[in-house]
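File shown: work_11.txt. Contents: compact mmCIF, C-alpha atoms.
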```txt
# COMPACT_ATOMS: atom_id res chain seq x y z
CA MET O 872 20.93 100.03 137.73
CA ALA O 873 20.51 97.91 140.88
CA THR O 874 23.85 96.54 142.08
CA SER O 875 22.53 93.00 142.34
CA GLU O 876 21.57 93.00 138.66
CA VAL O 877 25.24 92.72 137.79
CA LYS O 878 27.41 90.25 139.67
CA VAL O 879 31.00 89.19 139.25
CA LEU O 880 32.05 85.83 140.63
CA GLY O 881 35.75 85.76 141.24
CA THR O 882 38.66 86.40 143.51
CA TRP O 883 40.79 89.50 144.10
CA SER O 884 44.02 87.83 143.01
CA CYS O 885 42.90 86.49 139.64
CA PRO O 886 43.93 88.65 136.66
CA TYR O 887 41.08 87.30 134.55
CA VAL O 888 38.64 88.49 137.22
CA ASN O 889 40.39 91.87 137.41
CA ARG O 890 39.64 92.27 133.70
CA ALA O 891 35.91 92.04 134.33
CA GLN O 892 36.17 94.47 137.25
CA LEU O 893 38.20 96.96 135.22
CA ALA O 894 35.82 96.82 132.30
CA LEU O 895 32.79 97.43 134.53
CA LYS O 896 34.53 100.30 136.31
CA LEU O 897 35.42 101.93 132.99
CA LYS O 898 31.75 101.77 132.01
CA SER O 899 30.70 103.06 135.44
CA VAL O 900 28.59 99.98 136.08
CA ASP O 901 27.90 99.03 139.69
CA TYR O 902 28.11 95.37 140.51
CA GLU O 903 28.13 92.93 143.36
CA PHE O 904 31.43 91.15 143.79
CA ILE O 905 31.03 87.60 145.00
CA GLU O 906 34.33 86.24 146.28
CA ASP O 907 34.63 82.72 144.98
CA ILE O 908 37.46 80.40 144.04
CA PRO O 909 37.27 77.37 141.73
CA LEU O 910 38.75 75.17 144.49
CA LYS O 911 35.55 75.58 146.47
CA LYS O 912 33.38 74.35 143.55
CA SER O 913 30.61 76.36 145.12
CA GLU O 914 27.00 75.87 144.11
CA ILE O 915 26.84 79.33 142.65
CA LEU O 916 29.91 78.73 140.46
CA LEU O 917 28.60 75.38 139.24
CA LYS O 918 25.22 76.98 138.52
CA TYR O 919 26.61 79.86 136.46
CA ASN O 920 29.56 78.13 134.80
CA PRO O 921 28.75 74.44 134.56
CA VAL O 922 30.93 73.98 131.46
CA HIS O 923 34.29 75.26 132.75
CA LYS O 924 33.62 75.67 136.49
CA LYS O 925 36.01 78.63 136.48
CA ILE O 926 36.10 82.27 137.42
CA PRO O 927 35.39 84.93 136.36
CA VAL O 928 31.71 84.73 135.66
CA LEU O 929 29.74 87.86 134.93
CA VAL O 930 26.06 87.53 135.71
CA HIS O 931 23.85 90.17 134.16
CA GLY O 932 20.17 89.93 134.97
CA GLU O 933 20.68 86.25 135.86
CA LYS O 934 22.37 85.50 132.51
CA PRO O 935 25.93 84.26 132.96
CA VAL O 936 28.83 85.17 130.68
CA CYS O 937 32.08 83.22 131.07
CA GLU O 938 35.65 83.54 129.80
CA SER O 939 37.31 86.88 130.51
CA LEU O 940 37.94 87.89 126.87
CA ILE O 941 34.28 87.28 126.10
CA ILE O 942 33.17 89.06 129.28
CA VAL O 943 35.11 92.22 128.42
CA GLN O 944 33.65 92.24 124.90
CA TYR O 945 30.19 91.65 126.34
CA ILE O 946 30.58 94.59 128.74
CA ASP O 947 31.58 96.80 125.81
CA ASP O 948 28.55 95.58 123.82
CA ALA O 949 26.01 95.72 126.63
CA TRP O 950 26.94 99.19 127.92
CA PRO O 951 27.60 101.18 124.77
CA THR O 952 27.73 104.60 126.51
CA GLY O 953 31.18 106.06 126.88
CA PRO O 954 34.20 105.19 124.73
CA SER O 955 34.28 101.68 123.28
CA PHE O 956 37.11 99.42 124.28
CA PHE O 957 37.63 98.72 120.60
CA PRO O 958 38.95 100.92 117.79
CA SER O 959 36.45 102.15 115.22
CA ASP O 960 38.31 100.52 112.32
CA ALA O 961 37.39 96.88 111.62
CA TYR O 962 40.97 95.85 110.84
CA GLU O 963 42.29 97.39 114.05
CA ARG O 964 39.51 95.62 115.94
CA ALA O 965 40.67 92.34 114.43
CA LEU O 966 44.24 93.10 115.50
CA SER O 967 43.05 93.75 119.07
CA ARG O 968 41.36 90.36 119.12
CA PHE O 969 44.38 88.65 117.57
CA TRP O 970 46.80 90.06 120.16
CA ALA O 971 44.46 89.34 123.06
CA ASP O 972 44.37 85.74 121.88
CA TYR O 973 48.19 85.74 121.62
CA ILE O 974 48.55 87.11 125.14
CA ASP O 975 46.22 84.48 126.60
CA THR O 976 47.31 81.44 124.62
CA LYS O 977 51.02 82.03 123.98
CA TRP O 978 52.41 84.59 126.39
CA TYR O 979 50.69 84.86 129.76
CA PRO O 980 50.50 81.09 130.51
CA LEU O 981 54.33 81.07 130.47
CA VAL O 982 54.43 83.59 133.30
CA LYS O 983 52.92 81.10 135.75
CA VAL O 984 54.94 78.14 134.46
CA VAL O 985 58.25 79.97 134.79
CA ARG O 986 57.36 81.20 138.27
CA GLN O 987 56.58 77.69 139.50
CA SER O 988 59.36 75.89 137.63
CA GLU O 989 62.30 74.44 139.55
CA ASP O 990 64.16 73.44 136.39
CA LYS O 991 66.98 75.85 135.47
CA GLU O 992 67.01 74.98 131.78
CA GLU O 993 63.23 75.22 131.50
CA ARG O 994 63.29 78.60 133.24
CA ARG O 995 65.96 79.90 130.88
CA THR O 996 63.94 78.89 127.80
CA LEU O 997 60.73 80.34 129.18
CA ILE O 998 62.38 83.63 130.15
CA GLU O 999 63.68 83.92 126.60
CA LYS O 1000 60.21 83.26 125.15
CA LEU O 1001 58.59 85.75 127.54
CA SER O 1002 61.11 88.43 126.65
CA GLU O 1003 60.60 87.86 122.93
CA GLY O 1004 56.88 88.16 123.49
CA LEU O 1005 57.31 91.46 125.27
CA VAL O 1006 59.39 92.82 122.39
CA LEU O 1007 56.52 91.88 120.07
CA LEU O 1008 54.01 93.54 122.38
CA GLU O 1009 56.12 96.69 122.49
CA GLU O 1010 55.77 96.90 118.68
CA VAL O 1011 52.03 96.31 118.99
CA TYR O 1012 51.78 99.04 121.61
CA ILE O 1013 53.65 101.53 119.42
CA LYS O 1014 51.41 100.70 116.44
CA CYS O 1015 48.13 100.78 118.35
CA SER O 1016 48.76 103.76 120.61
CA LYS O 1017 50.01 106.04 117.80
CA GLY O 1018 51.76 108.22 120.34
CA LYS O 1019 48.88 108.28 122.80
CA PRO O 1020 49.13 106.77 126.32
CA TYR O 1021 47.19 103.52 125.80
CA PHE O 1022 46.84 100.65 123.33
CA GLY O 1023 43.35 102.08 122.99
CA GLY O 1024 44.70 105.58 122.29
CA GLU O 1025 43.49 108.33 124.62
CA ASP O 1026 41.40 105.89 126.64
CA ILE O 1027 42.01 102.45 128.08
CA GLY O 1028 41.01 99.87 125.51
CA TYR O 1029 40.63 96.13 125.15
CA LEU O 1030 44.34 95.32 124.90
CA ASP O 1031 45.16 97.60 127.82
CA ILE O 1032 42.69 95.65 129.94
CA ILE O 1033 43.87 92.24 128.73
CA LEU O 1034 47.61 92.87 129.09
CA GLY O 1035 47.36 95.32 131.98
CA SER O 1036 45.60 92.79 134.18
CA THR O 1037 48.64 90.50 133.95
CA LEU O 1038 51.16 93.10 135.13
CA ARG O 1039 51.02 92.43 138.88
CA TRP O 1040 51.64 88.69 138.49
CA LEU O 1041 54.40 89.59 136.04
CA GLN O 1042 55.96 91.73 138.78
CA VAL O 1043 55.66 88.86 141.27
CA THR O 1044 57.40 86.60 138.77
CA GLU O 1045 60.22 89.12 138.38
CA ILE O 1046 60.66 89.27 142.16
CA VAL O 1047 60.63 85.48 142.56
CA LEU O 1048 63.09 84.89 139.73
CA GLU O 1049 65.15 87.97 140.59
CA ILE O 1050 65.16 89.18 137.01
CA GLN O 1051 63.68 91.99 134.96
CA LEU O 1052 61.22 90.72 132.40
CA LEU O 1053 59.55 93.99 131.44
CA ASP O 1054 62.86 95.64 130.73
CA GLN O 1055 63.16 99.42 130.56
CA ASN O 1056 66.02 99.02 128.07
CA LYS O 1057 64.51 96.39 125.76
CA THR O 1058 60.93 97.62 125.81
CA PRO O 1059 60.95 101.22 127.05
CA GLN O 1060 57.54 102.21 125.73
CA LEU O 1061 55.82 99.15 127.13
CA ALA O 1062 57.56 99.66 130.49
CA LYS O 1063 56.30 103.25 130.55
CA TRP O 1064 52.78 102.14 129.61
CA ALA O 1065 52.86 99.53 132.40
CA ARG O 1066 53.77 102.13 134.99
CA SER O 1067 51.00 104.52 133.96
CA PHE O 1068 48.45 101.73 133.62
CA CYS O 1069 49.10 100.42 137.13
CA SER O 1070 48.97 103.85 138.73
CA GLY O 1071 45.90 105.10 136.83
CA ASP O 1072 42.73 106.07 138.68
CA ALA O 1073 40.65 103.38 137.05
CA THR O 1074 43.06 100.59 137.79
CA LYS O 1075 44.85 101.22 141.05
CA ASP O 1076 42.01 100.08 143.29
CA ILE O 1077 41.34 96.95 141.29
CA LEU O 1078 44.79 95.57 140.54
CA PRO O 1079 45.95 93.63 143.59
CA GLU O 1080 48.99 94.78 145.54
CA THR O 1081 52.17 93.05 144.45
CA THR O 1082 53.18 92.30 148.06
CA LYS O 1083 49.87 90.52 148.74
CA LEU O 1084 50.23 88.51 145.52
CA LEU O 1085 53.77 87.57 146.48
CA GLU O 1086 52.49 86.24 149.82
CA LEU O 1087 49.89 84.25 147.93
CA HIS O 1088 52.55 82.90 145.58
CA TRP O 1089 54.57 81.53 148.50
CA LYS O 1090 51.45 79.98 150.05
CA ILE O 1091 50.64 78.27 146.75
CA GLN O 1092 54.24 77.02 146.44
CA ASP O 1093 53.96 75.53 149.95
CA PHE O 1094 50.77 73.74 148.98
CA ILE O 1095 52.36 72.36 145.83
CA LYS O 1096 55.44 71.19 147.74
CA ALA O 1097 53.19 69.53 150.31
CA GLY O 1098 51.68 67.54 147.49
CA TYR O 1099 48.33 69.28 147.13
CA LYS O 1100 47.03 69.64 143.61
CA LEU O 1101 45.70 73.08 142.79
CA MET N 426 45.19 92.09 92.17
CA ALA N 427 42.45 90.47 94.25
CA GLU N 428 41.21 92.60 97.11
CA VAL N 429 40.75 89.52 99.27
CA LYS N 430 43.25 86.70 99.44
CA LEU N 431 43.14 83.57 101.56
CA LEU N 432 46.12 81.41 102.43
CA GLY N 433 44.78 78.02 103.38
CA LEU N 434 45.04 74.25 103.36
CA TRP N 435 42.42 72.09 101.64
CA GLY N 436 42.19 69.72 104.58
CA SER N 437 42.32 72.22 107.43
CA PRO N 438 39.05 72.70 109.32
CA PHE N 439 40.18 76.19 110.33
CA SER N 440 40.91 77.18 106.75
CA ARG N 441 37.56 75.80 105.57
CA ARG N 442 35.77 77.89 108.20
CA VAL N 443 37.04 81.05 106.58
CA GLU N 444 36.11 79.84 103.09
CA MET N 445 32.65 79.03 104.34
CA ALA N 446 32.23 82.49 105.81
CA LEU N 447 33.49 84.22 102.66
CA LYS N 448 31.22 82.12 100.45
CA LEU N 449 28.26 82.65 102.78
CA LYS N 450 28.71 86.37 102.25
CA GLY N 451 29.36 85.94 98.53
CA ILE N 452 32.80 87.56 98.78
CA GLU N 453 35.23 86.84 95.97
CA TYR N 454 38.72 85.87 96.99
CA GLU N 455 41.94 84.53 95.58
CA TYR N 456 42.96 81.28 97.22
CA PHE N 457 46.54 80.17 97.84
CA GLU N 458 47.06 76.53 98.83
CA GLU N 459 49.88 76.27 101.36
CA ASP N 460 52.19 73.37 102.10
CA LYS N 461 52.66 72.57 105.79
CA LYS N 462 56.10 71.12 105.20
CA ASN N 463 57.21 73.95 102.97
CA LYS N 464 55.65 77.19 104.17
CA SER N 465 55.58 79.90 101.57
CA PRO N 466 57.38 83.25 102.00
CA LEU N 467 53.91 84.81 101.75
CA LEU N 468 52.67 82.87 104.79
CA LEU N 469 55.78 83.69 106.82
CA LYS N 470 55.39 87.33 105.87
CA TYR N 471 51.68 87.55 106.65
CA ASN N 472 51.66 85.44 109.82
CA PRO N 473 55.12 85.72 111.38
CA VAL N 474 53.75 85.09 114.88
CA HIS N 475 52.10 81.70 114.34
CA LYS N 476 53.23 80.79 110.77
CA LYS N 477 49.92 79.00 110.24
CA VAL N 478 46.88 79.06 107.99
CA PRO N 479 44.34 80.42 107.59
CA VAL N 480 45.44 83.96 106.86
CA LEU N 481 43.05 86.40 105.26
CA VAL N 482 44.62 89.32 103.46
CA HIS N 483 42.26 92.21 102.78
CA LYS N 484 43.64 95.14 100.78
CA GLY N 485 47.13 93.98 101.65
CA LYS N 486 46.46 93.76 105.41
CA PRO N 487 46.74 90.27 106.95
CA ILE N 488 44.59 88.73 109.68
CA ALA N 489 45.29 85.37 111.29
CA GLU N 490 43.38 83.01 113.63
CA SER N 491 40.16 81.63 112.19
CA LEU N 492 37.77 82.99 114.82
CA VAL N 493 39.34 86.47 114.59
CA ILE N 494 39.00 86.28 110.80
CA LEU N 495 35.35 85.20 110.99
CA GLU N 496 34.49 88.18 113.20
CA TYR N 497 36.40 90.46 110.84
CA ILE N 498 34.41 89.14 107.88
CA ASP N 499 31.16 89.71 109.75
CA ASP N 500 32.31 93.19 110.78
CA THR N 501 33.57 94.29 107.38
CA TRP N 502 30.80 92.85 105.20
CA GLY N 503 27.99 93.21 107.70
CA ASP N 504 25.53 94.50 105.09
CA ILE N 505 26.26 91.75 102.63
CA GLY N 506 24.72 88.28 102.89
CA PRO N 507 23.54 86.61 106.10
CA PRO N 508 25.10 87.57 109.44
CA ILE N 509 27.69 85.26 110.95
CA LEU N 510 27.33 86.61 114.48
CA PRO N 511 24.03 87.48 116.15
CA LYS N 512 23.14 91.08 116.98
CA THR N 513 22.34 91.23 120.69
CA PRO N 514 25.17 91.43 123.25
CA TYR N 515 24.23 88.23 125.09
CA GLU N 516 23.78 86.17 121.94
CA ARG N 517 27.10 87.49 120.65
CA ALA N 518 28.78 86.41 123.89
CA MET N 519 27.32 82.91 123.48
CA ALA N 520 28.36 82.84 119.81
CA ARG N 521 31.93 83.57 120.94
CA PHE N 522 31.83 81.15 123.88
CA TRP N 523 31.00 77.94 121.99
CA PRO N 524 33.65 78.17 119.23
CA LYS N 525 36.27 78.85 121.92
CA PHE N 526 35.02 75.78 123.80
CA ILE N 527 35.21 73.74 120.60
CA ASP N 528 38.71 74.94 119.74
CA GLU N 529 40.29 74.86 123.19
CA MET N 530 38.60 71.80 124.67
CA CYS N 531 36.83 69.65 122.06
CA ILE N 532 39.24 69.54 119.14
CA PRO N 533 42.40 68.67 121.13
CA THR N 534 40.50 66.03 123.12
CA LEU N 535 38.88 64.47 120.05
CA ARG N 536 42.26 64.32 118.34
CA ARG N 537 43.84 62.66 121.39
CA ALA N 538 40.95 60.21 121.61
CA SER N 539 41.62 59.25 117.99
CA TRP N 540 45.38 59.14 117.67
CA SER N 541 46.60 58.03 121.08
CA GLU N 542 46.43 54.58 122.59
CA GLY N 543 46.20 52.75 125.90
CA ASP N 544 45.42 54.72 129.06
CA GLU N 545 45.84 58.06 127.33
CA LYS N 546 43.23 57.05 124.76
CA GLU N 547 40.77 55.82 127.38
CA LYS N 548 41.11 59.00 129.37
CA ALA N 549 40.65 61.11 126.24
CA LYS N 550 37.60 59.09 125.19
CA ASN N 551 35.96 59.75 128.55
CA GLU N 552 36.75 63.45 128.37
CA ALA N 553 35.45 63.54 124.81
CA ALA N 554 32.14 62.03 125.89
CA THR N 555 31.73 64.69 128.59
CA LEU N 556 32.47 67.51 126.14
CA LEU N 557 30.23 66.12 123.40
CA LYS N 558 27.40 65.80 125.91
CA ILE N 559 27.68 69.51 126.65
CA LEU N 560 27.32 70.28 122.94
CA ASP N 561 24.49 67.77 122.65
CA VAL N 562 22.55 69.66 125.33
CA GLU N 563 23.32 73.02 123.74
CA VAL N 564 21.95 72.09 120.31
CA LYS N 565 18.85 70.31 121.62
CA GLY N 566 15.64 71.62 120.05
CA LYS N 567 17.52 73.66 117.47
CA LYS N 568 18.12 73.06 113.79
CA PHE N 569 21.50 74.74 113.94
CA PHE N 570 23.50 76.01 116.93
CA GLY N 571 22.70 79.43 115.51
CA GLY N 572 18.97 78.70 115.48
CA GLU N 573 17.18 78.51 112.15
CA THR N 574 20.24 79.44 110.13
CA LEU N 575 23.92 78.56 110.04
CA GLY N 576 26.10 80.76 112.23
CA LEU N 577 29.54 81.10 113.76
CA VAL N 578 29.09 78.18 116.15
CA ASP N 579 27.97 75.83 113.38
CA ILE N 580 30.88 76.84 111.18
CA ALA N 581 33.29 76.23 114.08
CA ALA N 582 31.65 72.92 114.97
CA GLY N 583 32.21 71.69 111.42
CA PHE N 584 35.25 69.83 112.73
CA ILE N 585 32.99 67.52 114.68
CA ALA N 586 30.56 66.97 111.82
CA CYS N 587 33.12 66.23 109.15
CA TRP N 588 36.73 65.79 110.24
CA PHE N 589 36.05 63.85 113.43
CA GLY N 590 33.66 61.55 111.59
CA VAL N 591 36.47 60.54 109.24
CA MET N 592 38.92 60.11 112.14
CA GLU N 593 36.53 57.72 113.89
CA GLU N 594 36.19 55.71 110.70
CA ILE N 595 39.97 55.37 110.33
CA VAL N 596 40.75 54.42 113.93
CA GLY N 597 37.59 52.39 114.49
CA THR N 598 36.09 54.26 117.44
CA GLN N 599 32.42 55.08 117.94
CA ILE N 600 32.65 57.88 120.41
CA LEU N 601 30.07 60.01 118.64
CA ASN N 602 26.99 57.80 118.61
CA LYS N 603 23.27 58.44 118.30
CA ASP N 604 22.41 56.72 121.58
CA GLU N 605 24.49 59.00 123.75
CA PHE N 606 24.34 62.15 121.66
CA PRO N 607 21.05 62.14 119.73
CA ASN N 608 20.78 65.91 119.32
CA LEU N 609 24.38 66.37 118.20
CA CYS N 610 24.01 63.52 115.71
CA ASP N 611 20.83 65.13 114.36
CA TRP N 612 22.69 68.39 113.93
CA ILE N 613 25.54 66.57 112.14
CA GLU N 614 23.02 65.07 109.70
CA VAL N 615 21.46 68.48 109.00
CA PHE N 616 24.86 70.18 108.75
CA ASN N 617 26.48 67.62 106.45
CA ASN N 618 23.44 67.52 104.16
CA ASP N 619 23.00 71.24 103.93
CA ASN N 620 23.54 72.23 100.28
CA PHE N 621 25.80 75.11 101.06
CA VAL N 622 27.90 73.18 103.58
CA LYS N 623 28.24 70.16 101.27
CA GLN N 624 29.94 72.30 98.64
CA ASN N 625 32.42 73.65 101.16
CA LEU N 626 33.67 70.59 102.99
CA PRO N 627 36.84 68.86 101.80
CA PRO N 628 36.35 65.84 99.52
CA ARG N 629 35.73 62.91 101.88
CA ASP N 630 37.90 60.37 100.07
CA ARG N 631 40.82 62.79 100.11
CA LEU N 632 40.35 63.35 103.84
CA VAL N 633 40.22 59.60 104.42
CA GLY N 634 43.53 59.25 102.55
CA LYS N 635 45.09 62.05 104.58
CA TYR N 636 44.02 60.61 107.92
CA GLU N 637 44.97 57.09 106.96
CA ALA N 638 48.48 58.30 106.18
CA HIS N 639 48.56 60.26 109.45
CA TYR N 640 47.44 57.24 111.46
CA GLN N 641 50.14 55.07 109.88
CA ALA N 642 52.77 57.69 110.66
CA VAL N 643 51.60 57.96 114.28
CA LYS N 644 51.68 54.16 114.74
CA GLN N 645 55.14 53.94 113.15
CA ALA N 646 56.49 56.69 115.39
CA ARG N 647 55.15 54.83 118.46
CA ALA N 648 56.71 51.54 117.32
CA ALA N 649 60.12 53.18 116.81
```
Take the structure I supplied and represent it as structure tokens, if you would.
Amino acid sequence: MATSEVKVLGTWSCPYVNRAQLALKLKSVDYEFIEDIPLKKSEILLKYNPVHKKIPVLVHGEKPVCESLIIVQYIDDAWPTGPSFFPSDAYERALSRFWADYIDTKWYPLVKVVRQSEDKEERRTLIEKLSEGLVLLEEVYIKCSKGKPYFGGEDIGYLDIILGSTLRWLQVTEIVLEIQLLDQNKTPQLAKWARSFCSGDATKDILPETTKLLELHWKIQDFIKAGYKL
Amino acid sequence: MAEVKLLGLWGSPFSRRVEMALKLKGIEYEYFEEDKKNKSPLLLKYNPVHKKVPVLVHKGKPIAESLVILEYIDDTWGDIGPPILPKTPYERAMARFWPKFIDEMCIPTLRRASWSEGDEKEKAKNEAATLLKILDVEVKGKKFFGGETLGLVDIAAGFIACWFGVMEEIVGTQILNKDEFPNLCDWIEVFNNDNFVKQNLPPRDRLVGKYEAHYQAVKQARAA
């Protein structure tokens, strides 16, 4: 397939973009990566995602697909060769979708808020909520993996991609707050999964380096302090 | 013991979505009416994460979140009744995109535009108009969002056709009007008059009563 037939609009540091990249890599699909950030409001972004004006956007044969959860499912649907990201059982598929929704609506948004918060009390509450969430996700991991390395079993699956893409920013948050969120003692299995996910062949070239993300975090904090709205 | 159970609320648009999907497929189910102020042990057991309806329980296994449930229904009873999701990858992606847009952007904004006041209300009304315009463009030239037949997007957009209509009546706004949104209003007419849909929407007078009470409570809370 010609590289230009599949494009990903996004930026290296965005976990939602990393999801699209991971999914395409797992399906061995070549694509053109177009570095773009929502701040720019570039013509190409406004053309392909006029509704949300956000990254990532996957463009396949000039047809755009937006929203990372939908993009990953689309990639699984559109390139059915190789293992599916989803389990074969309908109920387990529903659980994958449920937990992906939980991660994106209830858990991951807190990671950014806590990292940028200056309020001690707010931070304390958020850290508690994040930790509780991780304990829940540890149970989910144990149930889904059934003793195998990934949420998806032997192979990386939908939940691995969705949660795994958040791990680097989670690490940055831990560094900034000087705490351990993904705790070896509280959630040993999830901590082990996180280590293997980040060092895996499929993921290590796509997940951004924690040090680079940390630099970006400080730059963003400077912007916010200077009064710029991001 | 019923193979399929549904924990729901008569007035919840999310709960009604699931009922619509089950009825569309002709699936029998046992319905349990919940009480928001007094959540049943069954609800807390089956949805400990969100503690909300709807929850579908199939052969003892619970599923929560209306859009997840709708996909599960389509997945599990794919051979029975009409499809809820389309078949091709791109159409499926679009069928997932619009309900998410409705749930994450439209519904909260439409609610704010109804129940808030002052600057917050004005801002929400403007945002609502922008969002409704997007839907208006999307449904242009089509009978349903799904094409010739009712689909996932139509079921999800039911909030706009039914619940929001009642909200506007109670608070006296006219955000959704034929001049600005002709295609969306046409769709609402078709949707609300569809025989199947009509049987599966909450009784209008009951919804009016519910929203009237809600509006009074909101106004009282503001005055306090």
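Excluding O:Pro951 itself and any same-chain residue fewer than 4 positions from it, the protein and nucleic acid residues within 12 Å of it, counting all atoms listed in the file, are Ala894, Leu895, Leu897, Lys898, Ser899, Val900, Gln944, Tyr945, Ile946, Asp947, Ser955, Phe956 and Phe957 of chain O; Thr513 and Pro514 of chain N.
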Original post:
Can you list, as a list in words, every protein, DNA or RNA residue that comes within 9 Å of O:Leu929 when you count all atoms listed in the file, leaving out same-chain residues fewer than 6 positions away?
Top reply: Val877, Lys878, Val879, Leu880, Gly881, Ala891, Tyr919, Pro935, Val936, Cys937, Glu938, Ser939 and Ile942 of chain O
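Set the cut-off at 9 Å, count all atoms listed in the file, and the residues of chain N near chain O turn out to be Val474, His483, Lys486, Pro487, Ile488, Ala489, Glu490, Val493, Ile494, Glu496, Tyr497, Asp500, Thr501, Thr513, Pro514, Tyr515, Arg517, Ala518, Met519, Arg521, Phe522, Phe526, Leu556 and Ile559 of chain N.
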Could you list, with a cut-off of 8 Å and counting all atoms listed in the file, the residues of stretch 903-1014 of chain O near stretch 1056-1061 of chain O, each shown with its nearest atom pair and the distance in Å rounded to one decimal, rows sorted by chain and ascending number, as CSV?
```
residue,atom,partner,partner_atom,distance
O:Leu1005,CA,O:Thr1058,CA,7.2
O:Val1006,CA,O:Thr1058,CA,6.1
O:Leu1008,CA,O:Leu1061,CA,7.6
O:Glu1009,CA,O:Leu1061,CA,5.3
O:Tyr1012,CA,O:Leu1061,CA,6.8
O:Ile1013,CA,O:Gln1060,CA,7.4
```
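Relative to atom CA of O:Ile998, atom CA of O:Leu1052 is found at 7.5 Å.
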Subject >> Protein and nucleic acid residues near (48.8, 73.5, 103.4) (cut-off 12 Å, all atoms listed in the file) as JSON, numbers by chain >> reply: {"N": [431, 432, 433, 434, 435, 436, 437, 438, 439, 440, 441, 456, 457, 458, 459, 460, 461, 462, 463, 464, 465, 468, 476, 477, 478, 479, 480]}
Same residues, C-alpha atoms, output as an mmCIF file, keeping the file's coordinate frame:
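File produced: result00.cif:
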```
data_model
loop_
_atom_site.group_PDB
_atom_site.id
_atom_site.type_symbol
_atom_site.label_atom_id
_atom_site.label_comp_id
_atom_site.auth_asym_id
_atom_site.auth_seq_id
_atom_site.Cartn_x
_atom_site.Cartn_y
_atom_site.Cartn_z
ATOM 1 C CA LEU N 431 43.140 83.570 101.560
ATOM 2 C CA LEU N 432 46.120 81.410 102.430
ATOM 3 C CA GLY N 433 44.780 78.020 103.380
ATOM 4 C CA LEU N 434 45.040 74.250 103.360
ATOM 5 C CA TRP N 435 42.420 72.090 101.640
ATOM 6 C CA GLY N 436 42.190 69.720 104.580
ATOM 7 C CA SER N 437 42.320 72.220 107.430
ATOM 8 C CA PRO N 438 39.050 72.700 109.320
ATOM 9 C CA PHE N 439 40.180 76.190 110.330
ATOM 10 C CA SER N 440 40.910 77.180 106.750
ATOM 11 C CA ARG N 441 37.560 75.800 105.570
ATOM 12 C CA TYR N 456 42.960 81.280 97.220
ATOM 13 C CA PHE N 457 46.540 80.170 97.840
ATOM 14 C CA GLU N 458 47.060 76.530 98.830
ATOM 15 C CA GLU N 459 49.880 76.270 101.360
ATOM 16 C CA ASP N 460 52.190 73.370 102.100
ATOM 17 C CA LYS N 461 52.660 72.570 105.790
ATOM 18 C CA LYS N 462 56.100 71.120 105.200
ATOM 19 C CA ASN N 463 57.210 73.950 102.970
ATOM 20 C CA LYS N 464 55.650 77.190 104.170
ATOM 21 C CA SER N 465 55.580 79.900 101.570
ATOM 22 C CA LEU N 468 52.670 82.870 104.790
ATOM 23 C CA LYS N 476 53.230 80.790 110.770
ATOM 24 C CA LYS N 477 49.920 79.000 110.240
ATOM 25 C CA VAL N 478 46.880 79.060 107.990
ATOM 26 C CA PRO N 479 44.340 80.420 107.590
ATOM 27 C CA VAL N 480 45.440 83.960 106.860
#
```
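Look at O:Lys896: the protein and nucleic acid residues within 10 Å of it, using only C-alpha atoms and passing over chain neighbours fewer than 6 places away, are Arg890, Tyr902, Ala1073, Thr1074 and Ile1077 of chain O.
Counting only C-alpha atoms, stretch 543-549 of chain N has the following residues at most 12 Å away, ignoring those fewer than 2 positions along the same chain: Met530, Cys531, Ile532, Pro533, Thr534, Leu535, Arg536, Arg537, Ala538, Ser539, Trp540, Ser541, Asn551, Glu552, Ala553, Ala554, Thr555, Leu556, Leu557, Val596, Thr598, Ile600 and Arg647 of chain N.
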Subject >> Contacts of O:Asp907 within 8 Å, only C-alpha atoms, excl. fewer than 4 positions in-chain, as a ChimeraX atom specification >> reply: /O:880-882,911,913,916,926
Could those selected residues go to a file with C-alpha atoms, as a compact mmCIF listing (two decimals), in the frame of the given file?
```
# COMPACT_ATOMS: atom_id res chain seq x y z
CA LEU O 880 32.05 85.83 140.63
CA GLY O 881 35.75 85.76 141.24
CA THR O 882 38.66 86.40 143.51
CA LYS O 911 35.55 75.58 146.47
CA SER O 913 30.61 76.36 145.12
CA LEU O 916 29.91 78.73 140.46
CA ILE O 926 36.10 82.27 137.42
```
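Put simply, atom CA of O:Asp990 is 18.4 Å away from atom CA of O:Phe1094.
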Using all atoms of stretch 475-484 of chain N that appear in the file, construct an axis-aligned enclosing box with 5 Å of padding on every side and provide its centre coordinates and edge lengths in Å, rounded to one decimal, as JSON.
```
{"center_x": 47.7, "center_y": 87.1, "center_z": 107.6, "size_x": 21.0, "size_y": 26.1, "size_z": 23.6}
```
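Reported to one decimal place, the separation of atom CA of O:Glu906 from atom CA of O:Val982 is 24.1 Å.
Near (26.6, 88.0, 105.4), the residues inside the 10 Å limit, counting only C-alpha atoms, come to N:Ala446, N:Leu447, N:Lys448, N:Leu449, N:Lys450, N:Gly451, N:Ile452, N:Ile498, N:Asp499, N:Asp500, N:Thr501, N:Trp502, N:Gly503, N:Asp504, N:Ile505, N:Gly506, N:Pro507, N:Pro508, N:Ile509, N:Leu510, N:Gly576.
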